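> Handing over model-v5.csv, CSV, C-alpha atoms.
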```
chain,number,residue,atom,x,y,z
A,90,MET,CA,8.4,12.1,12.6
A,91,THR,CA,9.3,12.4,16.3
A,92,GLY,CA,9.3,8.7,17.3
A,93,LEU,CA,9.2,5.0,16.5
A,94,ILE,CA,6.7,2.5,17.7
A,95,GLY,CA,7.4,-1.2,17.5
A,96,ILE,CA,4.8,-3.8,18.3
A,97,ASP,CA,5.2,-7.6,18.7
A,98,VAL,CA,1.7,-9.2,18.7
A,99,GLY,CA,1.9,-12.7,20.0
A,100,GLY,CA,-0.8,-15.3,20.6
A,101,THR,CA,-1.0,-14.5,24.3
A,102,LYS,CA,0.9,-11.2,24.8
A,103,THR,CA,1.4,-8.0,22.9
A,104,ARG,CA,4.6,-5.9,23.6
A,105,VAL,CA,4.8,-2.3,22.5
A,106,MET,CA,8.0,-0.2,22.6
A,107,ARG,CA,8.2,3.5,21.8
A,108,THR,CA,11.6,5.1,21.2
A,109,THR,CA,13.0,8.4,20.0
A,110,LEU,CA,14.6,8.5,16.6
A,111,THR,CA,18.0,7.9,18.2
A,112,GLY,CA,16.8,4.8,20.0
A,113,GLU,CA,16.1,6.1,23.5
A,114,VAL,CA,13.3,3.9,25.0
A,115,LEU,CA,10.4,6.1,26.1
A,116,ASP,CA,7.8,3.4,26.8
A,117,ASP,CA,7.9,-0.4,27.0
A,118,ILE,CA,4.6,-2.1,27.8
A,119,THR,CA,3.2,-5.6,27.7
A,120,VAL,CA,-0.5,-6.4,27.7
A,121,ALA,CA,-2.6,-9.5,27.1
A,122,SER,CA,-3.4,-9.8,23.4
A,123,SER,CA,-7.0,-10.8,24.4
A,124,SER,CA,-7.4,-7.3,26.0
A,125,TRP,CA,-7.6,-5.7,22.5
A,126,ARG,CA,-7.8,-8.5,20.0
A,127,GLY,CA,-10.7,-10.7,18.9
A,128,PRO,CA,-10.7,-13.9,16.8
A,129,LEU,CA,-7.7,-14.3,14.4
A,130,GLY,CA,-8.4,-13.3,10.9
A,131,ASP,CA,-10.5,-10.2,11.4
A,132,ALA,CA,-8.3,-7.4,10.1
A,133,GLU,CA,-10.9,-4.7,10.8
A,134,ALA,CA,-11.2,-5.7,14.4
A,135,ASP,CA,-7.5,-6.0,14.8
A,136,ALA,CA,-6.9,-2.5,13.4
A,137,THR,CA,-9.6,-1.0,15.5
A,138,GLY,CA,-8.3,-2.7,18.7
A,139,LEU,CA,-4.7,-2.0,18.1
A,140,VAL,CA,-5.1,1.6,17.2
A,141,ARG,CA,-7.3,2.2,20.2
A,142,LEU,CA,-4.6,0.6,22.4
A,143,LEU,CA,-2.0,2.9,20.9
A,144,ARG,CA,-4.1,6.0,21.2
A,145,ASP,CA,-5.0,5.3,24.8
A,146,ARG,CA,-1.3,4.9,25.6
A,147,PHE,CA,0.4,7.6,23.5
A,148,GLY,CA,-2.3,10.2,22.6
A,149,ASP,CA,-1.0,12.9,20.3
A,150,ASP,CA,2.5,11.3,20.1
A,151,LEU,CA,1.0,8.5,18.0
A,152,ALA,CA,0.3,10.9,15.1
A,153,ARG,CA,4.0,11.8,15.0
A,154,SER,CA,5.4,8.2,15.0
A,155,ALA,CA,6.3,5.6,12.5
A,156,VAL,CA,4.6,2.3,13.5
A,157,ALA,CA,5.8,-1.3,12.6
A,158,VAL,CA,3.9,-4.4,13.7
A,159,GLY,CA,4.9,-8.0,13.8
A,160,ALA,CA,1.6,-9.8,14.0
A,161,HIS,CA,0.8,-13.4,14.9
A,162,GLY,CA,-1.9,-14.5,12.6
A,163,CYS,CA,-0.7,-12.6,9.6
A,164,GLU,CA,0.4,-15.7,7.8
A,165,ASN,CA,0.7,-14.4,4.2
A,166,THR,CA,1.4,-11.2,2.3
A,167,ALA,CA,-2.3,-10.5,1.7
A,168,GLN,CA,-3.1,-10.7,5.4
A,169,CYS,CA,-0.2,-8.4,6.4
A,170,ARG,CA,-1.2,-5.9,3.7
A,171,GLU,CA,-4.8,-5.9,4.7
A,172,LEU,CA,-4.1,-5.1,8.4
A,173,GLU,CA,-1.5,-2.5,7.3
A,174,ALA,CA,-4.0,-0.7,5.0
A,175,ARG,CA,-6.7,-0.7,7.8
A,176,MET,CA,-4.2,0.7,10.3
A,177,ARG,CA,-3.0,3.3,7.8
A,178,SER,CA,-6.6,4.6,7.3
A,179,ARG,CA,-6.7,5.3,11.1
A,180,LEU,CA,-3.2,6.8,11.5
A,181,ARG,CA,-1.4,9.8,10.1
A,182,GLY,CA,2.2,8.3,10.2
A,183,PRO,CA,3.7,5.4,8.1
A,184,VAL,CA,2.7,1.9,9.0
A,185,LEU,CA,4.3,-1.5,8.2
A,186,VAL,CA,2.8,-4.9,9.1
A,187,VAL,CA,4.7,-8.2,8.9
A,188,ASN,CA,4.4,-11.7,10.4
A,189,ASP,CA,5.7,-11.8,14.0
A,190,SER,CA,8.5,-14.2,13.0
A,191,GLU,CA,9.9,-11.5,10.7
A,192,LEU,CA,10.9,-9.5,13.7
A,193,ILE,CA,13.8,-11.9,14.6
A,194,PRO,CA,16.4,-10.9,12.0
A,195,PRO,CA,16.0,-7.1,12.3
A,196,ALA,CA,16.1,-7.4,16.1
A,197,MET,CA,19.7,-8.7,15.6
A,198,GLY,CA,20.5,-6.1,13.0
A,199,ALA,CA,20.5,-8.8,10.3
A,200,GLU,CA,19.6,-8.0,6.7
A,201,HIS,CA,18.8,-10.5,3.9
A,202,ALA,CA,18.3,-13.2,6.6
A,203,VAL,CA,15.9,-16.1,7.1
A,204,GLY,CA,14.1,-15.9,10.4
A,205,VAL,CA,13.3,-19.2,12.2
A,206,VAL,CA,11.0,-19.5,15.1
A,207,VAL,CA,11.4,-22.5,17.4
A,208,GLY,CA,9.1,-22.5,20.4
A,209,THR,CA,5.6,-24.0,20.9
A,210,GLY,CA,5.6,-24.1,17.1
A,211,SER,CA,8.3,-23.7,14.4
A,212,ILE,CA,8.4,-21.9,11.0
A,213,ALA,CA,11.0,-20.4,8.7
A,214,THR,CA,10.2,-17.1,6.9
A,215,ALA,CA,11.7,-14.7,4.5
A,216,ARG,CA,10.7,-12.1,1.8
A,217,ASP,CA,11.4,-12.7,-1.9
A,218,ASP,CA,12.6,-10.1,-4.4
A,219,ARG,CA,9.0,-8.9,-4.9
A,220,GLY,CA,8.5,-8.4,-1.1
A,221,GLU,CA,6.2,-11.4,-0.8
A,222,LEU,CA,6.3,-13.5,2.4
A,223,VAL,CA,7.6,-17.0,1.8
A,224,THR,CA,7.4,-19.7,4.5
A,225,ALA,CA,8.5,-23.2,5.1
A,226,GLY,CA,7.1,-25.4,7.9
A,227,GLY,CA,4.6,-24.2,10.5
A,228,TRP,CA,2.1,-26.9,9.8
A,229,GLY,CA,1.1,-27.5,13.4
A,230,TRP,CA,2.1,-29.6,16.3
A,231,ILE,CA,0.5,-32.9,15.1
A,232,LEU,CA,1.8,-32.8,11.5
A,233,GLY,CA,5.0,-30.8,11.7
A,234,ASP,CA,6.5,-27.8,13.6
A,235,GLU,CA,9.9,-29.5,13.4
A,236,GLY,CA,12.1,-28.8,16.4
A,237,SER,CA,9.4,-27.2,18.5
A,238,ALA,CA,8.7,-28.4,22.0
A,239,PRO,CA,5.7,-30.6,21.2
A,240,ALA,CA,7.5,-32.0,18.1
A,241,LEU,CA,10.5,-33.0,20.1
A,242,VAL,CA,8.3,-34.9,22.6
A,243,ARG,CA,6.3,-36.5,19.7
A,244,GLU,CA,9.5,-37.8,18.1
A,245,ALA,CA,11.0,-38.8,21.4
A,246,VAL,CA,7.9,-41.0,22.3
A,247,ARG,CA,8.0,-42.5,18.8
A,248,SER,CA,11.7,-43.4,19.3
A,249,VAL,CA,11.0,-45.0,22.7
A,250,LEU,CA,8.1,-47.0,21.3
A,251,ALA,CA,10.3,-48.2,18.4
A,252,GLU,CA,12.9,-49.3,20.9
A,253,LEU,CA,10.3,-51.3,22.8
A,254,ASP,CA,9.2,-52.9,19.5
A,255,GLU,CA,12.8,-54.1,19.1
A,256,GLY,CA,12.7,-55.7,22.5
A,257,ARG,CA,15.1,-53.3,24.1
A,258,SER,CA,14.9,-51.9,27.6
A,259,LEU,CA,14.2,-48.3,28.5
A,260,ASP,CA,17.1,-45.9,28.4
A,261,PRO,CA,17.1,-42.5,30.3
A,262,LEU,CA,14.8,-41.0,27.7
A,263,GLY,CA,12.2,-43.8,28.0
A,264,ARG,CA,12.3,-43.7,31.8
A,265,ARG,CA,11.9,-40.0,31.9
A,266,LEU,CA,8.9,-40.0,29.5
A,267,MET,CA,7.2,-42.8,31.4
A,268,ILE,CA,7.4,-40.8,34.6
A,269,ALA,CA,6.4,-37.6,32.8
A,270,PHE,CA,3.2,-39.1,31.3
A,271,GLY,CA,2.4,-41.3,34.3
A,272,ALA,CA,2.9,-44.5,32.3
A,273,ASP,CA,4.4,-47.9,33.2
A,274,HIS,CA,4.5,-49.5,29.8
A,275,GLY,CA,4.5,-48.6,26.1
A,276,ASP,CA,0.8,-48.9,25.6
A,277,ALA,CA,0.1,-46.5,28.4
A,278,LEU,CA,2.7,-44.0,27.1
A,279,ALA,CA,1.2,-44.1,23.6
A,280,LEU,CA,-2.3,-43.6,25.0
A,281,ALA,CA,-1.3,-40.7,27.3
A,282,LEU,CA,0.3,-38.9,24.3
A,283,THR,CA,-2.6,-39.4,21.9
A,284,GLN,CA,-5.1,-38.3,24.6
A,285,ALA,CA,-3.3,-35.0,25.1
A,286,THR,CA,-5.4,-32.1,23.7
A,287,SER,CA,-3.0,-29.3,23.1
A,288,PRO,CA,0.6,-28.6,22.1
A,289,ASP,CA,1.3,-27.4,25.6
A,290,ASP,CA,0.3,-30.8,26.9
A,291,TRP,CA,3.1,-32.3,24.8
A,292,GLY,CA,5.6,-29.4,24.8
A,293,ARG,CA,5.9,-29.1,28.6
A,294,HIS,CA,7.8,-32.3,28.6
A,295,ALA,CA,10.5,-31.2,26.1
A,296,ALA,CA,12.9,-30.4,28.9
A,297,ASP,CA,13.0,-34.2,29.7
A,298,VAL,CA,14.3,-34.9,26.2
A,299,PHE,CA,17.2,-32.5,26.7
A,300,ALA,CA,17.8,-33.8,30.2
A,301,ALA,CA,18.0,-37.3,28.9
A,302,ALA,CA,20.4,-36.3,26.2
A,303,GLU,CA,22.6,-34.8,28.9
A,304,GLU,CA,22.4,-38.1,30.8
A,305,GLY,CA,23.8,-39.9,27.8
A,306,SER,CA,20.7,-41.2,26.1
A,307,PRO,CA,21.5,-42.1,22.5
A,308,LEU,CA,17.8,-41.9,21.7
A,309,ALA,CA,17.4,-38.4,23.1
A,310,ASP,CA,20.6,-37.2,21.4
A,311,ARG,CA,19.3,-38.5,18.0
A,312,VAL,CA,16.0,-36.8,18.5
A,313,VAL,CA,17.7,-33.5,19.1
A,314,ARG,CA,20.1,-34.0,16.2
A,315,ASP,CA,17.2,-34.9,13.9
A,316,ALA,CA,15.3,-31.8,15.0
A,317,GLY,CA,18.3,-29.6,14.1
A,318,ALA,CA,18.5,-31.3,10.7
A,319,GLU,CA,14.8,-30.7,10.1
A,320,LEU,CA,15.2,-27.0,10.9
A,321,ALA,CA,18.1,-26.7,8.5
A,322,ARG,CA,16.0,-28.3,5.8
A,323,LEU,CA,13.3,-25.6,6.3
A,324,VAL,CA,15.9,-23.0,5.6
A,325,ASP,CA,17.2,-25.0,2.6
A,326,ARG,CA,13.7,-25.1,1.1
A,327,LEU,CA,13.4,-21.4,1.2
A,328,LEU,CA,16.8,-20.9,-0.4
A,329,ARG,CA,15.9,-23.4,-3.1
A,330,ARG,CA,12.8,-21.4,-3.8
A,331,GLY,CA,15.0,-18.4,-4.7
A,332,ILE,CA,15.2,-16.6,-1.4
A,333,ARG,CA,18.5,-14.6,-1.3
A,334,ALA,CA,19.7,-14.9,2.3
A,335,THR,CA,23.2,-14.5,3.7
A,336,ALA,CA,22.3,-15.5,7.2
A,337,VAL,CA,19.8,-17.3,9.5
A,338,VAL,CA,18.6,-15.9,12.8
A,339,ALA,CA,16.6,-18.2,15.1
A,340,GLY,CA,14.6,-17.3,18.1
A,341,GLY,CA,11.9,-18.7,20.3
A,342,SER,CA,11.5,-20.3,23.7
A,343,VAL,CA,13.1,-23.6,22.8
A,344,ILE,CA,16.0,-22.7,20.5
A,345,GLU,CA,17.1,-19.8,22.8
A,346,ARG,CA,17.3,-22.0,25.9
A,347,GLN,CA,18.8,-25.2,24.5
A,348,PRO,CA,22.5,-25.0,23.3
A,349,ARG,CA,22.3,-28.7,22.2
A,350,LEU,CA,19.6,-27.9,19.7
A,351,GLN,CA,21.5,-24.8,18.6
A,352,ASP,CA,24.5,-26.9,17.9
A,353,ALA,CA,22.5,-29.5,16.0
A,354,PHE,CA,20.9,-26.8,13.9
A,355,ARG,CA,24.2,-25.1,13.2
A,356,ASP,CA,26.0,-28.3,12.3
A,357,ALA,CA,23.2,-29.4,9.9
A,358,LEU,CA,23.0,-26.0,8.3
A,359,ALA,CA,26.8,-26.0,7.7
A,360,ASP,CA,26.4,-29.4,5.9
A,361,ILE,CA,23.7,-28.3,3.5
A,362,ARG,CA,24.3,-24.6,3.2
A,363,PRO,CA,28.0,-24.0,3.9
A,364,GLY,CA,28.8,-20.3,4.5
A,365,VAL,CA,25.3,-19.4,5.7
A,366,PRO,CA,25.8,-18.6,9.4
A,367,LEU,CA,23.3,-19.1,12.2
A,368,ALA,CA,22.7,-16.5,14.9
A,369,ILE,CA,20.5,-17.0,18.0
A,370,LEU,CA,18.3,-14.2,19.1
A,371,ASP,CA,19.5,-12.7,22.4
A,372,ARG,CA,17.1,-9.8,22.7
A,373,ALA,CA,13.4,-9.0,22.6
A,374,PRO,CA,11.7,-9.4,19.1
A,375,VAL,CA,10.0,-6.1,19.7
A,376,ARG,CA,13.4,-4.5,19.0
A,377,GLY,CA,13.0,-5.8,15.5
A,378,ALA,CA,9.7,-4.0,15.2
A,379,VAL,CA,11.4,-0.8,16.2
A,380,ALA,CA,14.2,-1.4,13.7
A,381,LEU,CA,11.5,-1.9,11.0
A,382,ALA,CA,9.7,1.3,12.0
A,383,ARG,CA,13.0,3.2,11.5
A,384,THR,CA,13.1,2.0,7.8
A,385,LEU,CA,9.8,3.9,7.3
A,386,LEU,CA,11.4,7.3,8.0
A,387,PRO,CA,12.0,9.7,5.1
A,388,ASN,CA,15.7,10.4,4.6
A,389,ASP,CA,15.5,13.8,6.2
A,390,ASP,CA,14.2,12.2,9.4
A,391,ALA,CA,17.0,9.6,9.6
A,392,PRO,CA,19.0,10.0,12.9
A,393,THR,CA,22.6,11.2,12.4
A,394,THR,CA,25.8,10.9,14.3
A,395,GLN,CA,27.7,13.9,15.6
A,396,ASN,CA,29.5,14.4,12.3
A,397,GLY,CA,26.2,14.3,10.4
A,398,GLU,CA,26.6,10.9,8.8
A,399,PRO,CA,23.5,8.6,8.8
A,400,ARG,CA,23.4,6.4,11.9
A,401,THR,CA,23.6,2.7,11.0
```
What would you get if you wrote out this structure as structure tokens?

Amino acid sequence: MTGLIGIDVGGTKTRVMRTTLTGEVLDDITVASSSWRGPLGDAEADATGLVRLLRDRFGDDLARSAVAVGAHGCENTAQCRELEARMRSRLRGPVLVVNDSELIPPAMGAEHAVGVVVGTGSIATARDDRGELVTAGGWGWILGDEGSAPALVREAVRSVLAELDEGRSLDPLGRRLMIAFGADHGDALALALTQATSPDDWGRHAADVFAAAEEGSPLADRVVRDAGAELARLVDRLLRRGIRATAVVAGGSVIERQPRLQDAFRDALADIRPGVPLAILDRAPVRGAVALARTLLPNDDAPTTQNGEPRT
């Protein structure tokens, strides 16, 4: 092997990073996933499109590289393995395919960790002792996705409507949501939310929940604390199913930008799983794909330090 290729396939963007065995970045590109990918679930089309993208970019260097992919849409072990097998049939080097959420722990150098994504959606993932992908949450913006941007808004609106049912006046959270949704009373707020047609329509107002919490809204603070507790429960479910994890690493557009949610998640996790620390992703997930590609190297290809010891 002469290089490592890590790929982070997201719903909208695909990022590809190629490095030397010692970690020097040779290429770092981002393209629209739609430029090479068809409908989700077609492993043959995914393999064809992704390998074509790599060959167009790297030519002969591709044949001498280990490739690891974190793919949005590979939601279980069978789907990951199918795409992996189809890519292996087209490439000469080793290939590994995992769910894109699984890039988060290795990006931070964490082993035996649960990865938690908290952004437009949310999910907790890990591998069991047999190498099977195990998940908790991720059931979508209407039913679940605890802690995600749309879920925060959903629960915030429910809290405001409950307060109105109690005959209470609007606090900063209620006032912000009324303005955000162009409503002047509870019925209009409920109608505006239920008529929204995508998670983005809800999620873009999540910033108002955190702003209201900063302004002293007890409702907003409770919504955020409850979201942190729900995220901790996702982790707990995986651990109760036999996942052996010594740490949790969380990433995603919401959790990375909102210290209040980080604190709520960390506090709740400490309550139900003392001694399992939470780290927040502070680098690109594609780095995790590169780290996974390094694990595919045979021992004699492992990079070494100046004194010849394996590089860790």
> Under the rule that only C-alpha atoms are counted, which of A:Ala359, A:Met176, A:Met197, A:Ala136 is the nearest residue to Val379 of chain A?
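Closest to Val379 of chain A, using only C-alpha atoms: A:Met197.
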> May I ask for the distance between atom CA of Arg333 of chain A and atom CA of Val205 of chain A, given in Å to one decimal place?
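About the pair atom CA of Arg333 of chain A and atom CA of Val205 of chain A: they are 15.2 Å apart.
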> Around (-3.2, -5.9, 4.6) in the file's frame, which residues reach within 12 Å when counting all atoms listed in the file? Return as a PDB file with C-alpha atoms, in the coordinates of the input?

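Result file is out_20.pdb:
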```
ATOM      1  CA  GLY A 130      -8.400 -13.300  10.900  1.00  0.00           C
ATOM      2  CA  ASP A 131     -10.500 -10.200  11.400  1.00  0.00           C
ATOM      3  CA  ALA A 132      -8.300  -7.400  10.100  1.00  0.00           C
ATOM      4  CA  GLU A 133     -10.900  -4.700  10.800  1.00  0.00           C
ATOM      5  CA  ASP A 135      -7.500  -6.000  14.800  1.00  0.00           C
ATOM      6  CA  ALA A 136      -6.900  -2.500  13.400  1.00  0.00           C
ATOM      7  CA  VAL A 158       3.900  -4.400  13.700  1.00  0.00           C
ATOM      8  CA  ALA A 160       1.600  -9.800  14.000  1.00  0.00           C
ATOM      9  CA  GLY A 162      -1.900 -14.500  12.600  1.00  0.00           C
ATOM     10  CA  CYS A 163      -0.700 -12.600   9.600  1.00  0.00           C
ATOM     11  CA  GLU A 164       0.400 -15.700   7.800  1.00  0.00           C
ATOM     12  CA  ASN A 165       0.700 -14.400   4.200  1.00  0.00           C
ATOM     13  CA  THR A 166       1.400 -11.200   2.300  1.00  0.00           C
ATOM     14  CA  ALA A 167      -2.300 -10.500   1.700  1.00  0.00           C
ATOM     15  CA  GLN A 168      -3.100 -10.700   5.400  1.00  0.00           C
ATOM     16  CA  CYS A 169      -0.200  -8.400   6.400  1.00  0.00           C
ATOM     17  CA  ARG A 170      -1.200  -5.900   3.700  1.00  0.00           C
ATOM     18  CA  GLU A 171      -4.800  -5.900   4.700  1.00  0.00           C
ATOM     19  CA  LEU A 172      -4.100  -5.100   8.400  1.00  0.00           C
ATOM     20  CA  GLU A 173      -1.500  -2.500   7.300  1.00  0.00           C
ATOM     21  CA  ALA A 174      -4.000  -0.700   5.000  1.00  0.00           C
ATOM     22  CA  ARG A 175      -6.700  -0.700   7.800  1.00  0.00           C
ATOM     23  CA  MET A 176      -4.200   0.700  10.300  1.00  0.00           C
ATOM     24  CA  ARG A 177      -3.000   3.300   7.800  1.00  0.00           C
ATOM     25  CA  SER A 178      -6.600   4.600   7.300  1.00  0.00           C
ATOM     26  CA  VAL A 184       2.700   1.900   9.000  1.00  0.00           C
ATOM     27  CA  LEU A 185       4.300  -1.500   8.200  1.00  0.00           C
ATOM     28  CA  VAL A 186       2.800  -4.900   9.100  1.00  0.00           C
ATOM     29  CA  VAL A 187       4.700  -8.200   8.900  1.00  0.00           C
ATOM     30  CA  ASN A 188       4.400 -11.700  10.400  1.00  0.00           C
TER      31      ASN A 188
END
```
> Atom CA of Ala238 of chain A and atom CA of Asp356 of chain A, how far apart in Å?
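Distance reported for this atom pair: 19.8 Å.
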> Restricting the calculation to all atoms listed in the file, which member of A:Pro307, A:Pro363, A:Gly317, A:Gly220 is positioned closest to Ile332 of chain A?
A:Gly220
> Residues at most 8 Å from Ile96 of chain A, counting all atoms listed in the file, excluding those fewer than 3 positions away in the same chain, as a PyMOL selection string?
chain A and resi 103-106+156-159+375+378-379
> Write out as a list in words which residues come within 6 Å of Gly377 of chain A when counting only C-alpha atoms, dropping same-chain ones fewer than 6 positions away.
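Once the nearby chain positions are removed, what remains is Leu192, Pro195 and Ala196 of chain A.
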> Any chance you could tabulate, as a tab-separated table, the residues of segment 160-255 of chain A at most 12 Å from segment 282-306 of chain A with each one's nearest atom pair and distance in Å to one decimal, using only C-alpha atoms, in chain and rising number order?

```
residue	atom	partner	partner_atom	distance
A:Val207	CA	A:Gly292	CA	11.7
A:Gly208	CA	A:Gly292	CA	8.9
A:Thr209	CA	A:Gly292	CA	6.7
A:Gly210	CA	A:Pro288	CA	8.4
A:Ser211	CA	A:Pro288	CA	11.9
A:Gly229	CA	A:Pro288	CA	8.8
A:Trp230	CA	A:Pro288	CA	6.1
A:Ile231	CA	A:Pro288	CA	8.2
A:Leu232	CA	A:Pro288	CA	11.5
A:Gly233	CA	A:Pro288	CA	11.5
A:Asp234	CA	A:Pro288	CA	10.4
A:Gly236	CA	A:Ala295	CA	10.1
A:Ser237	CA	A:Gly292	CA	7.7
A:Ala238	CA	A:Gly292	CA	4.3
A:Pro239	CA	A:Gly292	CA	3.8
A:Ala240	CA	A:Gly292	CA	7.4
A:Leu241	CA	A:Ala295	CA	6.3
A:Val242	CA	A:Ala295	CA	5.5
A:Arg243	CA	A:Trp291	CA	7.3
A:Glu244	CA	A:Val298	CA	9.9
A:Ala245	CA	A:Val298	CA	7.0
A:Val246	CA	A:Leu282	CA	8.1
A:Arg247	CA	A:Leu282	CA	10.1
A:Ser248	CA	A:Val298	CA	11.3
A:Val249	CA	A:Ser306	CA	11.0
A:Leu250	CA	A:Leu282	CA	11.6
```
> In Å, how far is it from atom CA of Gly127 of chain A to atom CA of Leu142 of chain A?
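Interatomic distance, atom CA of Gly127 of chain A to atom CA of Leu142 of chain A: 13.3 Å.
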> Find the residue from A:Ala318, A:Val206, A:Leu266, A:Leu385 that sits nearest to Leu370 of chain A; use all atoms listed in the file when measuring.
A:Val206
> Please provide as JSON, numbers by chain all residues within 10 Å of Glu200 of chain A, with the sequence filter that same-chain residues fewer than 6 positions apart are discarded (counting all atoms listed in the file).
{"A": [194, 334, 335, 336, 337]}
> Near segment 319-326 of chain A, within 8 Å and counting only C-alpha atoms, which residues show up once chain neighbours fewer than 3 positions away are dropped, as a PyMOL selection string?
chain A and resi 203+212-213+225-226+235-236+315-316+329-330+337+354-355+357-358+361-362
> List as a list in words the residues having at least one atom at most 12 Å from position (3.5, -53.2, 27.0) as given in the file, counting only C-alpha atoms.
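I get Val249, Leu250, Glu252, Leu253, Asp254, Gly256, Arg257, Ser258, Leu259, Met267, Ala272, Asp273, His274, Gly275, Asp276, Ala277, Leu278, Ala279 and Leu280 of chain A for the residues within 12 Å of that point.
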> Hey, could you patch up segment 106-126 of chain A with N, CA and C atoms and hand it over as a short mmCIF file (atom, residue, chain, number, x, y, z; two decimals), in the frame of the given file?

```
data_model
loop_
_atom_site.label_atom_id
_atom_site.label_comp_id
_atom_site.auth_asym_id
_atom_site.auth_seq_id
_atom_site.Cartn_x
_atom_site.Cartn_y
_atom_site.Cartn_z
N MET A 106 6.85 -1.06 22.17
CA MET A 106 8.00 -0.20 22.60
C MET A 106 8.00 1.05 21.75
N ARG A 107 8.09 2.18 22.42
CA ARG A 107 8.20 3.50 21.80
C ARG A 107 9.55 4.07 22.06
N THR A 108 10.24 4.54 21.03
CA THR A 108 11.60 5.10 21.20
C THR A 108 11.66 6.45 20.48
N THR A 109 12.69 7.21 20.82
CA THR A 109 13.00 8.40 20.00
C THR A 109 13.68 7.93 18.74
N LEU A 110 13.93 8.86 17.83
CA LEU A 110 14.60 8.50 16.60
C LEU A 110 15.98 7.99 16.79
N THR A 111 16.61 8.38 17.87
CA THR A 111 18.00 7.90 18.20
C THR A 111 18.02 6.68 19.02
N GLY A 112 16.85 6.11 19.35
CA GLY A 112 16.80 4.80 20.00
C GLY A 112 16.57 4.86 21.52
N GLU A 113 16.39 6.03 22.12
CA GLU A 113 16.10 6.10 23.50
C GLU A 113 14.69 5.53 23.79
N VAL A 114 14.58 4.56 24.70
CA VAL A 114 13.30 3.90 25.00
C VAL A 114 12.45 4.88 25.87
N LEU A 115 11.27 5.23 25.35
CA LEU A 115 10.40 6.10 26.10
C LEU A 115 9.28 5.30 26.81
N ASP A 116 8.81 4.23 26.18
CA ASP A 116 7.80 3.40 26.80
C ASP A 116 8.04 1.94 26.37
N ASP A 117 7.77 1.02 27.27
CA ASP A 117 7.90 -0.40 27.00
C ASP A 117 6.82 -1.12 27.80
N ILE A 118 5.76 -1.52 27.14
CA ILE A 118 4.60 -2.10 27.80
C ILE A 118 4.23 -3.44 27.26
N THR A 119 3.67 -4.28 28.09
CA THR A 119 3.20 -5.60 27.70
C THR A 119 1.76 -5.76 28.17
N VAL A 120 0.86 -6.15 27.29
CA VAL A 120 -0.50 -6.40 27.70
C VAL A 120 -0.96 -7.74 27.09
N ALA A 121 -2.02 -8.29 27.62
CA ALA A 121 -2.60 -9.50 27.10
C ALA A 121 -3.19 -9.20 25.70
N SER A 122 -2.87 -10.03 24.72
CA SER A 122 -3.40 -9.80 23.40
C SER A 122 -4.96 -9.85 23.42
N SER A 123 -5.50 -10.65 24.32
CA SER A 123 -7.00 -10.80 24.40
C SER A 123 -7.59 -9.47 24.92
N SER A 124 -6.79 -8.54 25.47
CA SER A 124 -7.40 -7.30 26.00
C SER A 124 -7.76 -6.34 24.87
N TRP A 125 -7.26 -6.57 23.66
CA TRP A 125 -7.60 -5.70 22.50
C TRP A 125 -8.00 -6.46 21.28
N ARG A 126 -7.68 -7.74 21.23
CA ARG A 126 -7.80 -8.50 20.00
C ARG A 126 -8.97 -9.50 20.08
#
```
